[in-house]
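input_5.pdb (PDB, C-alpha atoms, pLDDT in the B column)
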```
MODEL        1
ATOM      1  CA  MET A1268       3.323   7.161   7.470  1.00 61.00           C
ATOM      2  CA  PRO A1269       0.419   8.083   5.193  1.00 68.00           C
ATOM      3  CA  GLY A1270      -3.004   8.281   6.739  1.00 79.00           C
ATOM      4  CA  PRO A1271      -6.020   6.259   5.641  1.00 91.00           C
ATOM      5  CA  PRO A1272      -7.230   6.815   2.068  1.00 96.00           C
ATOM      6  CA  PRO A1273     -10.208   9.142   1.636  1.00 98.00           C
ATOM      7  CA  GLU A1274     -13.697   7.677   1.884  1.00 98.00           C
ATOM      8  CA  ALA A1275     -14.530   9.309  -1.439  1.00 98.00           C
ATOM      9  CA  VAL A1276     -12.978  11.725  -3.924  1.00 98.00           C
ATOM     10  CA  ILE A1277     -15.020  14.356  -5.764  1.00 98.00           C
ATOM     11  CA  PHE A1278     -13.708  16.214  -8.789  1.00 98.00           C
ATOM     12  CA  ASP A1279     -14.710  19.470 -10.381  1.00 97.00           C
ATOM     13  CA  ASN A1280     -14.968  19.156 -14.165  1.00 95.00           C
ATOM     14  CA  ASP A1281     -14.062  22.350 -16.036  1.00 92.00           C
ATOM     15  CA  GLY A1282     -10.357  23.128 -15.738  1.00 92.00           C
ATOM     16  CA  LEU A1283      -9.731  20.513 -13.076  1.00 96.00           C
ATOM     17  CA  LEU A1284     -10.534  17.139 -14.598  1.00 97.00           C
ATOM     18  CA  LEU A1285     -10.938  18.209 -18.231  1.00 95.00           C
ATOM     19  CA  ASP A1286      -9.534  21.106 -20.218  1.00 91.00           C
ATOM     20  CA  THR A1287     -13.049  22.373 -20.879  1.00 86.00           C
ATOM     21  CA  GLU A1288     -12.174  25.873 -19.682  1.00 80.00           C
ATOM     22  CA  SER A1289     -10.588  26.348 -23.094  1.00 85.00           C
ATOM     23  CA  VAL A1290     -13.894  25.260 -24.653  1.00 87.00           C
ATOM     24  CA  TRP A1291     -15.792  27.747 -22.496  1.00 88.00           C
ATOM     25  CA  THR A1292     -13.248  30.432 -23.388  1.00 90.00           C
ATOM     26  CA  ARG A1293     -13.788  29.921 -27.118  1.00 91.00           C
ATOM     27  CA  ALA A1294     -17.556  30.115 -26.622  1.00 92.00           C
ATOM     28  CA  GLU A1295     -17.219  33.245 -24.474  1.00 93.00           C
ATOM     29  CA  GLN A1296     -14.996  34.832 -27.100  1.00 94.00           C
ATOM     30  CA  ASP A1297     -17.623  34.035 -29.748  1.00 94.00           C
ATOM     31  CA  LEU A1298     -20.319  35.617 -27.585  1.00 95.00           C
ATOM     32  CA  PHE A1299     -18.325  38.842 -27.274  1.00 96.00           C
ATOM     33  CA  GLU A1300     -17.232  38.861 -30.917  1.00 95.00           C
ATOM     34  CA  ARG A1301     -20.847  38.677 -32.063  1.00 95.00           C
ATOM     35  CA  ARG A1302     -21.187  42.073 -30.413  1.00 92.00           C
ATOM     36  CA  GLU A1303     -17.837  43.347 -31.723  1.00 94.00           C
ATOM     37  CA  LEU A1304     -16.381  43.377 -28.213  1.00 95.00           C
ATOM     38  CA  GLU A1305     -13.072  42.006 -26.935  1.00 95.00           C
ATOM     39  CA  PHE A1306     -13.072  39.137 -24.436  1.00 95.00           C
ATOM     40  CA  THR A1307     -10.130  39.740 -22.059  1.00 94.00           C
ATOM     41  CA  PRO A1308      -8.308  37.644 -19.444  1.00 92.00           C
ATOM     42  CA  ALA A1309      -9.990  39.808 -16.792  1.00 92.00           C
ATOM     43  CA  HIS A1310     -13.402  38.810 -18.134  1.00 94.00           C
ATOM     44  CA  LYS A1311     -12.354  35.162 -17.983  1.00 90.00           C
ATOM     45  CA  ARG A1312     -11.260  35.426 -14.357  1.00 88.00           C
ATOM     46  CA  GLU A1313     -14.645  36.948 -13.500  1.00 90.00           C
ATOM     47  CA  LEU A1314     -16.536  34.064 -15.075  1.00 89.00           C
ATOM     48  CA  VAL A1315     -14.486  31.001 -14.167  1.00 83.00           C
ATOM     49  CA  GLY A1316     -16.347  28.603 -11.896  1.00 75.00           C
ATOM     50  CA  THR A1317     -19.419  30.812 -11.529  1.00 81.00           C
ATOM     51  CA  SER A1318     -23.018  29.637 -11.588  1.00 81.00           C
ATOM     52  CA  ALA A1319     -25.289  30.426 -14.528  1.00 83.00           C
ATOM     53  CA  GLU A1320     -27.080  33.069 -12.460  1.00 87.00           C
ATOM     54  CA  ILE A1321     -23.899  34.913 -11.523  1.00 90.00           C
ATOM     55  CA  ALA A1322     -22.402  34.537 -14.998  1.00 90.00           C
ATOM     56  CA  GLY A1323     -25.573  35.956 -16.503  1.00 93.00           C
ATOM     57  CA  CYS A1324     -25.357  39.034 -14.312  1.00 94.00           C
ATOM     58  CA  ILE A1325     -21.698  39.533 -15.249  1.00 94.00           C
ATOM     59  CA  LEU A1326     -22.445  39.167 -18.954  1.00 95.00           C
ATOM     60  CA  GLU A1327     -25.326  41.649 -18.739  1.00 93.00           C
ATOM     61  CA  LYS A1328     -22.905  44.287 -17.495  1.00 93.00           C
ATOM     62  CA  ARG A1329     -19.952  43.460 -19.722  1.00 95.00           C
ATOM     63  CA  LEU A1330     -22.061  43.218 -22.880  1.00 95.00           C
ATOM     64  CA  GLY A1331     -24.276  46.184 -22.052  1.00 93.00           C
ATOM     65  CA  GLU A1332     -27.494  44.185 -22.257  1.00 93.00           C
ATOM     66  CA  PRO A1333     -29.358  44.736 -18.967  1.00 92.00           C
ATOM     67  CA  GLY A1334     -32.263  42.420 -18.281  1.00 91.00           C
ATOM     68  CA  CYS A1335     -30.974  39.793 -20.715  1.00 90.00           C
ATOM     69  CA  ALA A1336     -29.112  37.437 -18.333  1.00 92.00           C
ATOM     70  CA  SER A1337     -31.207  34.375 -19.123  1.00 91.00           C
ATOM     71  CA  GLU A1338     -31.023  34.917 -22.884  1.00 94.00           C
ATOM     72  CA  LEU A1339     -27.259  35.460 -22.747  1.00 93.00           C
ATOM     73  CA  ILE A1340     -26.715  32.258 -20.791  1.00 90.00           C
ATOM     74  CA  ASP A1341     -28.886  30.310 -23.237  1.00 92.00           C
ATOM     75  CA  GLU A1342     -26.843  31.721 -26.116  1.00 94.00           C
ATOM     76  CA  LEU A1343     -23.566  30.911 -24.373  1.00 91.00           C
ATOM     77  CA  ASN A1344     -24.707  27.364 -23.579  1.00 87.00           C
ATOM     78  CA  GLU A1345     -25.506  26.723 -27.235  1.00 91.00           C
ATOM     79  CA  LEU A1346     -22.110  28.066 -28.260  1.00 93.00           C
ATOM     80  CA  VAL A1347     -20.220  25.971 -25.725  1.00 88.00           C
ATOM     81  CA  VAL A1348     -21.979  22.725 -26.645  1.00 87.00           C
ATOM     82  CA  ALA A1349     -21.102  23.379 -30.294  1.00 90.00           C
ATOM     83  CA  GLU A1350     -17.469  24.146 -29.372  1.00 89.00           C
ATOM     84  CA  LEU A1351     -17.238  20.925 -27.364  1.00 89.00           C
ATOM     85  CA  GLU A1352     -17.650  18.871 -30.531  1.00 90.00           C
ATOM     86  CA  HIS A1353     -14.339  20.251 -31.785  1.00 90.00           C
ATOM     87  CA  GLY A1354     -12.667  18.204 -29.071  1.00 88.00           C
ATOM     88  CA  VAL A1355     -11.549  18.309 -25.447  1.00 92.00           C
ATOM     89  CA  GLU A1356      -8.620  16.809 -23.547  1.00 93.00           C
ATOM     90  CA  ALA A1357      -8.157  15.478 -20.037  1.00 96.00           C
ATOM     91  CA  MET A1358      -6.069  17.630 -17.730  1.00 96.00           C
ATOM     92  CA  LEU A1359      -2.528  16.559 -16.874  1.00 96.00           C
ATOM     93  CA  GLY A1360      -2.660  13.548 -14.560  1.00 97.00           C
ATOM     94  CA  ALA A1361      -6.431  13.033 -14.772  1.00 98.00           C
ATOM     95  CA  ARG A1362      -6.283   9.615 -16.415  1.00 97.00           C
ATOM     96  CA  GLU A1363      -3.618   8.339 -14.041  1.00 97.00           C
ATOM     97  CA  VAL A1364      -5.380   9.529 -10.885  1.00 98.00           C
ATOM     98  CA  LEU A1365      -8.774   8.179 -11.963  1.00 98.00           C
ATOM     99  CA  HIS A1366      -7.214   4.834 -12.889  1.00 97.00           C
ATOM    100  CA  GLU A1367      -5.539   4.425  -9.494  1.00 97.00           C
ATOM    101  CA  LEU A1368      -8.588   5.494  -7.513  1.00 98.00           C
ATOM    102  CA  SER A1369     -10.890   3.250  -9.542  1.00 97.00           C
ATOM    103  CA  ALA A1370      -8.546   0.289  -9.142  1.00 96.00           C
ATOM    104  CA  ARG A1371      -8.636   0.799  -5.375  1.00 96.00           C
ATOM    105  CA  GLY A1372     -12.425   0.997  -5.371  1.00 97.00           C
ATOM    106  CA  THR A1373     -12.658   4.551  -4.045  1.00 98.00           C
ATOM    107  CA  PRO A1374     -16.131   6.053  -4.609  1.00 98.00           C
ATOM    108  CA  LEU A1375     -15.776   8.821  -7.186  1.00 98.00           C
ATOM    109  CA  GLY A1376     -17.984  11.824  -7.792  1.00 98.00           C
ATOM    110  CA  LEU A1377     -17.998  14.763 -10.159  1.00 98.00           C
ATOM    111  CA  VAL A1378     -19.587  18.121  -9.335  1.00 97.00           C
ATOM    112  CA  SER A1379     -19.938  20.956 -11.833  1.00 95.00           C
ATOM    113  CA  ASN A1380     -21.769  24.261 -12.201  1.00 92.00           C
ATOM    114  CA  SER A1381     -22.049  23.516 -15.936  1.00 89.00           C
ATOM    115  CA  PRO A1382     -25.235  22.131 -17.535  1.00 88.00           C
ATOM    116  CA  LEU A1383     -25.566  18.357 -17.199  1.00 92.00           C
ATOM    117  CA  ARG A1384     -25.655  17.730 -20.969  1.00 89.00           C
ATOM    118  CA  PHE A1385     -22.337  19.568 -21.338  1.00 89.00           C
ATOM    119  CA  VAL A1386     -20.747  17.596 -18.488  1.00 94.00           C
ATOM    120  CA  GLN A1387     -21.985  14.243 -19.762  1.00 94.00           C
ATOM    121  CA  ARG A1388     -20.905  14.926 -23.344  1.00 93.00           C
ATOM    122  CA  SER A1389     -17.443  16.106 -22.273  1.00 94.00           C
ATOM    123  CA  LEU A1390     -16.981  12.905 -20.245  1.00 96.00           C
ATOM    124  CA  GLU A1391     -18.081  10.835 -23.239  1.00 95.00           C
ATOM    125  CA  ILE A1392     -15.548  12.520 -25.528  1.00 94.00           C
ATOM    126  CA  VAL A1393     -12.583  11.718 -23.270  1.00 95.00           C
ATOM    127  CA  GLY A1394     -13.839   8.247 -22.317  1.00 96.00           C
ATOM    128  CA  PHE A1395     -14.589   8.982 -18.662  1.00 97.00           C
ATOM    129  CA  SER A1396     -18.335   8.238 -18.682  1.00 93.00           C
ATOM    130  CA  ASP A1397     -17.965   5.027 -16.690  1.00 94.00           C
ATOM    131  CA  ARG A1398     -15.482   6.377 -14.152  1.00 96.00           C
ATOM    132  CA  PHE A1399     -17.896   8.125 -11.784  1.00 98.00           C
ATOM    133  CA  ASP A1400     -20.399   6.767  -9.287  1.00 98.00           C
ATOM    134  CA  ALA A1401     -22.183  10.147  -9.143  1.00 98.00           C
ATOM    135  CA  VAL A1402     -22.231  13.075 -11.566  1.00 98.00           C
ATOM    136  CA  ILE A1403     -23.913  16.233 -10.262  1.00 97.00           C
ATOM    137  CA  SER A1404     -24.727  19.384 -12.180  1.00 94.00           C
ATOM    138  CA  ALA A1405     -25.503  22.386 -10.010  1.00 87.00           C
ATOM    139  CA  HIS A1406     -28.618  22.787 -12.172  1.00 86.00           C
ATOM    140  CA  GLU A1407     -29.999  19.709 -10.344  1.00 92.00           C
ATOM    141  CA  VAL A1408     -29.853  21.174  -6.826  1.00 94.00           C
ATOM    142  CA  SER A1409     -31.488  24.135  -5.132  1.00 93.00           C
ATOM    143  CA  ALA A1410     -28.332  26.279  -5.033  1.00 94.00           C
ATOM    144  CA  PRO A1411     -25.145  26.066  -7.156  1.00 92.00           C
ATOM    145  CA  LYS A1412     -21.561  26.542  -6.033  1.00 95.00           C
ATOM    146  CA  PRO A1413     -20.437  28.449  -3.923  1.00 95.00           C
ATOM    147  CA  ALA A1414     -23.297  26.944  -1.887  1.00 96.00           C
ATOM    148  CA  PRO A1415     -22.466  23.474  -0.531  1.00 97.00           C
ATOM    149  CA  ASP A1416     -25.567  21.859  -2.087  1.00 97.00           C
ATOM    150  CA  PRO A1417     -23.874  20.169  -5.086  1.00 97.00           C
ATOM    151  CA  TYR A1418     -21.206  18.610  -2.873  1.00 98.00           C
ATOM    152  CA  LEU A1419     -23.700  17.521  -0.248  1.00 98.00           C
ATOM    153  CA  GLU A1420     -25.795  15.869  -2.956  1.00 98.00           C
ATOM    154  CA  ALA A1421     -22.710  14.105  -4.331  1.00 98.00           C
ATOM    155  CA  CYS A1422     -21.907  12.724  -0.879  1.00 98.00           C
ATOM    156  CA  ARG A1423     -25.505  11.571  -0.498  1.00 98.00           C
ATOM    157  CA  ARG A1424     -25.386   9.718  -3.823  1.00 98.00           C
ATOM    158  CA  LEU A1425     -22.005   8.205  -2.939  1.00 98.00           C
ATOM    159  CA  SER A1426     -23.413   7.048   0.424  1.00 98.00           C
ATOM    160  CA  VAL A1427     -20.674   8.778   2.411  1.00 98.00           C
ATOM    161  CA  GLU A1428     -20.935  11.364   5.154  1.00 98.00           C
ATOM    162  CA  ALA A1429     -19.851  14.838   4.109  1.00 98.00           C
ATOM    163  CA  GLY A1430     -16.751  15.612   6.159  1.00 98.00           C
ATOM    164  CA  PRO A1431     -12.940  15.840   6.134  1.00 97.00           C
ATOM    165  CA  SER A1432     -12.552  12.197   5.062  1.00 98.00           C
ATOM    166  CA  VAL A1433     -13.986  13.163   1.652  1.00 98.00           C
ATOM    167  CA  VAL A1434     -11.527  15.002  -0.624  1.00 98.00           C
ATOM    168  CA  ALA A1435     -12.644  17.555  -3.211  1.00 98.00           C
ATOM    169  CA  LEU A1436     -10.413  18.836  -6.003  1.00 98.00           C
ATOM    170  CA  GLU A1437     -11.199  22.311  -7.343  1.00 98.00           C
ATOM    171  CA  ASP A1438      -9.685  24.954  -9.604  1.00 96.00           C
ATOM    172  CA  SER A1439     -11.828  28.015  -8.798  1.00 93.00           C
ATOM    173  CA  PRO A1440     -12.585  30.101  -5.691  1.00 94.00           C
ATOM    174  CA  THR A1441     -16.288  29.369  -6.206  1.00 94.00           C
ATOM    175  CA  GLY A1442     -15.683  25.628  -6.127  1.00 96.00           C
ATOM    176  CA  VAL A1443     -13.312  25.801  -3.178  1.00 97.00           C
ATOM    177  CA  ALA A1444     -15.903  27.775  -1.210  1.00 97.00           C
ATOM    178  CA  ALA A1445     -18.600  25.196  -1.999  1.00 97.00           C
ATOM    179  CA  ALA A1446     -16.503  22.206  -0.971  1.00 98.00           C
ATOM    180  CA  ARG A1447     -15.340  23.895   2.233  1.00 98.00           C
ATOM    181  CA  ALA A1448     -18.922  24.837   3.095  1.00 98.00           C
ATOM    182  CA  ALA A1449     -19.819  21.147   2.747  1.00 98.00           C
ATOM    183  CA  GLY A1450     -17.077  20.308   5.256  1.00 98.00           C
ATOM    184  CA  LEU A1451     -14.801  18.475   2.822  1.00 98.00           C
ATOM    185  CA  THR A1452     -11.006  18.524   2.583  1.00 98.00           C
ATOM    186  CA  VAL A1453     -10.189  20.693  -0.414  1.00 98.00           C
ATOM    187  CA  ILE A1454      -7.174  20.528  -2.717  1.00 98.00           C
ATOM    188  CA  GLY A1455      -6.942  23.588  -4.943  1.00 98.00           C
ATOM    189  CA  ILE A1456      -5.306  23.318  -8.373  1.00 97.00           C
ATOM    190  CA  PRO A1457      -5.565  26.681 -10.201  1.00 94.00           C
ATOM    191  CA  SER A1458      -6.164  26.346 -13.940  1.00 87.00           C
ATOM    192  CA  LEU A1459      -5.697  30.033 -14.803  1.00 84.00           C
ATOM    193  CA  ASP A1460      -2.984  32.549 -13.997  1.00 85.00           C
ATOM    194  CA  GLY A1461      -4.187  35.091 -11.470  1.00 86.00           C
ATOM    195  CA  ILE A1462      -6.654  32.761  -9.746  1.00 88.00           C
ATOM    196  CA  GLU A1463      -6.064  32.611  -5.986  1.00 92.00           C
ATOM    197  CA  LEU A1464      -7.295  29.587  -4.028  1.00 96.00           C
ATOM    198  CA  ASP A1465      -6.243  30.693  -0.568  1.00 94.00           C
ATOM    199  CA  GLU A1466      -9.250  29.039   1.090  1.00 97.00           C
ATOM    200  CA  ALA A1467      -8.222  25.554  -0.065  1.00 98.00           C
ATOM    201  CA  HIS A1468      -6.701  23.336   2.611  1.00 98.00           C
ATOM    202  CA  HIS A1469      -3.899  22.314   0.254  1.00 97.00           C
ATOM    203  CA  LEU A1470      -2.552  23.662  -3.046  1.00 97.00           C
ATOM    204  CA  ALA A1471      -1.096  21.698  -5.949  1.00 97.00           C
ATOM    205  CA  ALA A1472       0.273  22.548  -9.378  1.00 96.00           C
ATOM    206  CA  SER A1473      -1.492  19.675 -11.168  1.00 96.00           C
ATOM    207  CA  LEU A1474      -3.153  16.326 -10.526  1.00 97.00           C
ATOM    208  CA  LEU A1475       0.330  14.772 -10.746  1.00 97.00           C
ATOM    209  CA  ASP A1476       1.613  16.909  -7.860  1.00 97.00           C
ATOM    210  CA  ASP A1477       2.943  15.084  -4.802  1.00 97.00           C
ATOM    211  CA  VAL A1478       0.392  16.996  -2.715  1.00 97.00           C
ATOM    212  CA  VAL A1479      -2.416  15.203  -4.560  1.00 97.00           C
ATOM    213  CA  ALA A1480      -0.717  11.806  -4.286  1.00 96.00           C
ATOM    214  CA  ARG A1481      -0.142  12.271  -0.569  1.00 96.00           C
ATOM    215  CA  HIS A1482      -3.674  13.287   0.339  1.00 96.00           C
ATOM    216  CA  LEU A1483      -5.312  10.723  -1.926  1.00 97.00           C
ATOM    217  CA  VAL A1484      -2.812   8.100  -0.668  1.00 95.00           C
ATOM    218  CA  LEU A1485      -1.788   7.083  -4.182  1.00 93.00           C
TER     219      LEU A1485
ENDMDL
END
```

Please express what this file holds, its structure, as structure tokens.
Amino acid sequence: MPGPPPEAVIFDNDGLLLDTESVWTRAEQDLFERRELEFTPAHKRELVGTSAEIAGCILEKRLGEPGCASELIDELNELVVAELEHGVEAMLGAREVLHELSARGTPLGLVSNSPLRFVQRSLEIVGFSDRFDAVISAHEVSAPKPAPDPYLEACRRLSVEAGPSVVALEDSPTGVAAARAAGLTVIGIPSLDGIELDEAHHLAASLLDDVVARHLVL
């Protein structure tokens, strides 16, 4: 018999709920191409799910521009917001899962390391703006993922206690680490080849996977 449904469900955004990783990839490619450098799959794996601070440090090294982390992140953020207007799609199963959870009245949160304006605009484009009871950008808390702060703040805003009865869905090691540190049950759904989510409590191939349905009691 299935157990009780989760007290709340919290989604990551980029690559988990929405296919915005492809938007970020195009922006990252543009950033490299401006410097006549190639953006490789290895570079992408380094950057996926990281905070602005960590991404800035990576970009400094890969682009050979020491001391320019903040400027590089500002440039990348402008590129990614522009790319977003070309369109974005929901990930496989996202609409179905959100519909069922909303119909049941499950409190829903979204936690992202991306800037809030990017998250809000991406949700607007796919029609998900009204689906979430709490939307948290890591820029709003003292420490981004992999620290637990964004997830703890989401639980606070959802008025639920952070613990195993709250399920988080993540596609990056950084996000999995953050949700685990907050004490949540974590389902890992990798969005890129070569990404290992061994620290997740459960692994699924997509939001339509039986693993997701079972643990969300859908």

Once you count all atoms listed in the file, what closest atom pair and distance in Å to one decimal does each residue of segment 1409-1434 of chain A within 7 Å of segment 1448-1451 of chain A have, with rows by chain and rising residue number, as a tab-separated table?
```
residue	atom	partner	partner_atom	distance
A:Ala1414	CA	A:Ala1448	CA	7.0
A:Pro1415	CA	A:Ala1449	CA	4.8
A:Tyr1418	CA	A:Ala1449	CA	6.3
A:Leu1419	CA	A:Ala1449	CA	6.1
A:Ala1429	CA	A:Gly1450	CA	6.2
A:Gly1430	CA	A:Gly1450	CA	4.8
A:Pro1431	CA	A:Leu1451	CA	4.6
A:Val1433	CA	A:Leu1451	CA	5.5
A:Val1434	CA	A:Leu1451	CA	5.9
```

Could you work out an axis-aligned bounding box for all listed atoms of segment 1445-1461 of chain A, with 8 Å added on each of the six sides, and give its centre and edge lengths in Å to one decimal, as AutoDock Vina command-line options?
```
--center_x -11.4 --center_y 26.8 --center_z -4.8 --size_x 32.8 --size_y 32.6 --size_z 36.1
```

Of the residues A:Val1378, A:Ala1401, A:Leu1464, A:Ala1480, which is the one nearest to Phe1278 of chain A, using all atoms listed in the file?
A:Val1378

Expected selection from the PyMOL selection byres ((chain A and resi 1270) around 12), given as a count of residues only:
13

Using the chain letters and numbers from this file, what does the PyMOL selection byres ((chain A and resi 1287-1299) around 8) select? Give the answer as a PyMOL selection string.
chain A and resi 1280-1282+1285-1286+1300-1306+1311+1315+1330+1342-1343+1346-1347+1350-1351+1355-1356+1389

Take the point (-24.2, 10.9, -0.8) in the file's coordinates, draw a sphere of radius 12 Å around it, and report as a list in words every protein, DNA or RNA residue with an atom inside or on it, counting all atoms listed in the file.
Glu1274, Ala1275, Val1276, Ile1277, Pro1374, Leu1375, Gly1376, Leu1377, Asp1400, Ala1401, Val1402, Ile1403, Asp1416, Pro1417, Tyr1418, Leu1419, Glu1420, Ala1421, Cys1422, Arg1423, Arg1424, Leu1425, Ser1426, Val1427, Glu1428, Ala1429, Gly1430, Val1433 and Ala1449 of chain A

Would you kindly return, as a short mmCIF file (atom, residue, chain, number, x, y, z; two decimals) with C-alpha atoms, in the frame of the given file, each protein, DNA or RNA residue with an atom no farther than 7 Å from any atom of segment 1357-1367 of chain A, considering only C-alpha atoms and excluding same-chain residues fewer than 5 positions away?
```
data_model
loop_
_atom_site.label_atom_id
_atom_site.label_comp_id
_atom_site.auth_asym_id
_atom_site.auth_seq_id
_atom_site.Cartn_x
_atom_site.Cartn_y
_atom_site.Cartn_z
CA LEU A 1283 -9.73 20.51 -13.08
CA LEU A 1284 -10.53 17.14 -14.60
CA LEU A 1285 -10.94 18.21 -18.23
CA ASP A 1286 -9.53 21.11 -20.22
CA VAL A 1393 -12.58 11.72 -23.27
CA SER A 1473 -1.49 19.68 -11.17
CA LEU A 1474 -3.15 16.33 -10.53
CA LEU A 1475 0.33 14.77 -10.75
#
```

Taking the file as I've supplied it (selection: the PyMOL selection byres ((chain A and resi 1381) around 9)), which residues are included? Please answer as a list of chain:residue names.
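For this structure, the PyMOL selection byres ((chain A and resi 1381) around 9) captures A:Asn1280, A:Asp1281, A:Gly1316, A:Thr1317, A:Ser1318, A:Ala1319, A:Asn1344, A:Val1378, A:Ser1379, A:Asn1380, A:Pro1382, A:Leu1383, A:Arg1384, A:Phe1385, A:Val1386, A:Ser1404, A:Ala1405, A:His1406.
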
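Picture a line from atom CA of Gly1372 of chain A to atom CA of Lys1412 of chain A; it runs 27.1 Å.
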
Between atom CA of Pro1308 of chain A and atom CA of Pro1333 of chain A lies a distance of 22.2 Å
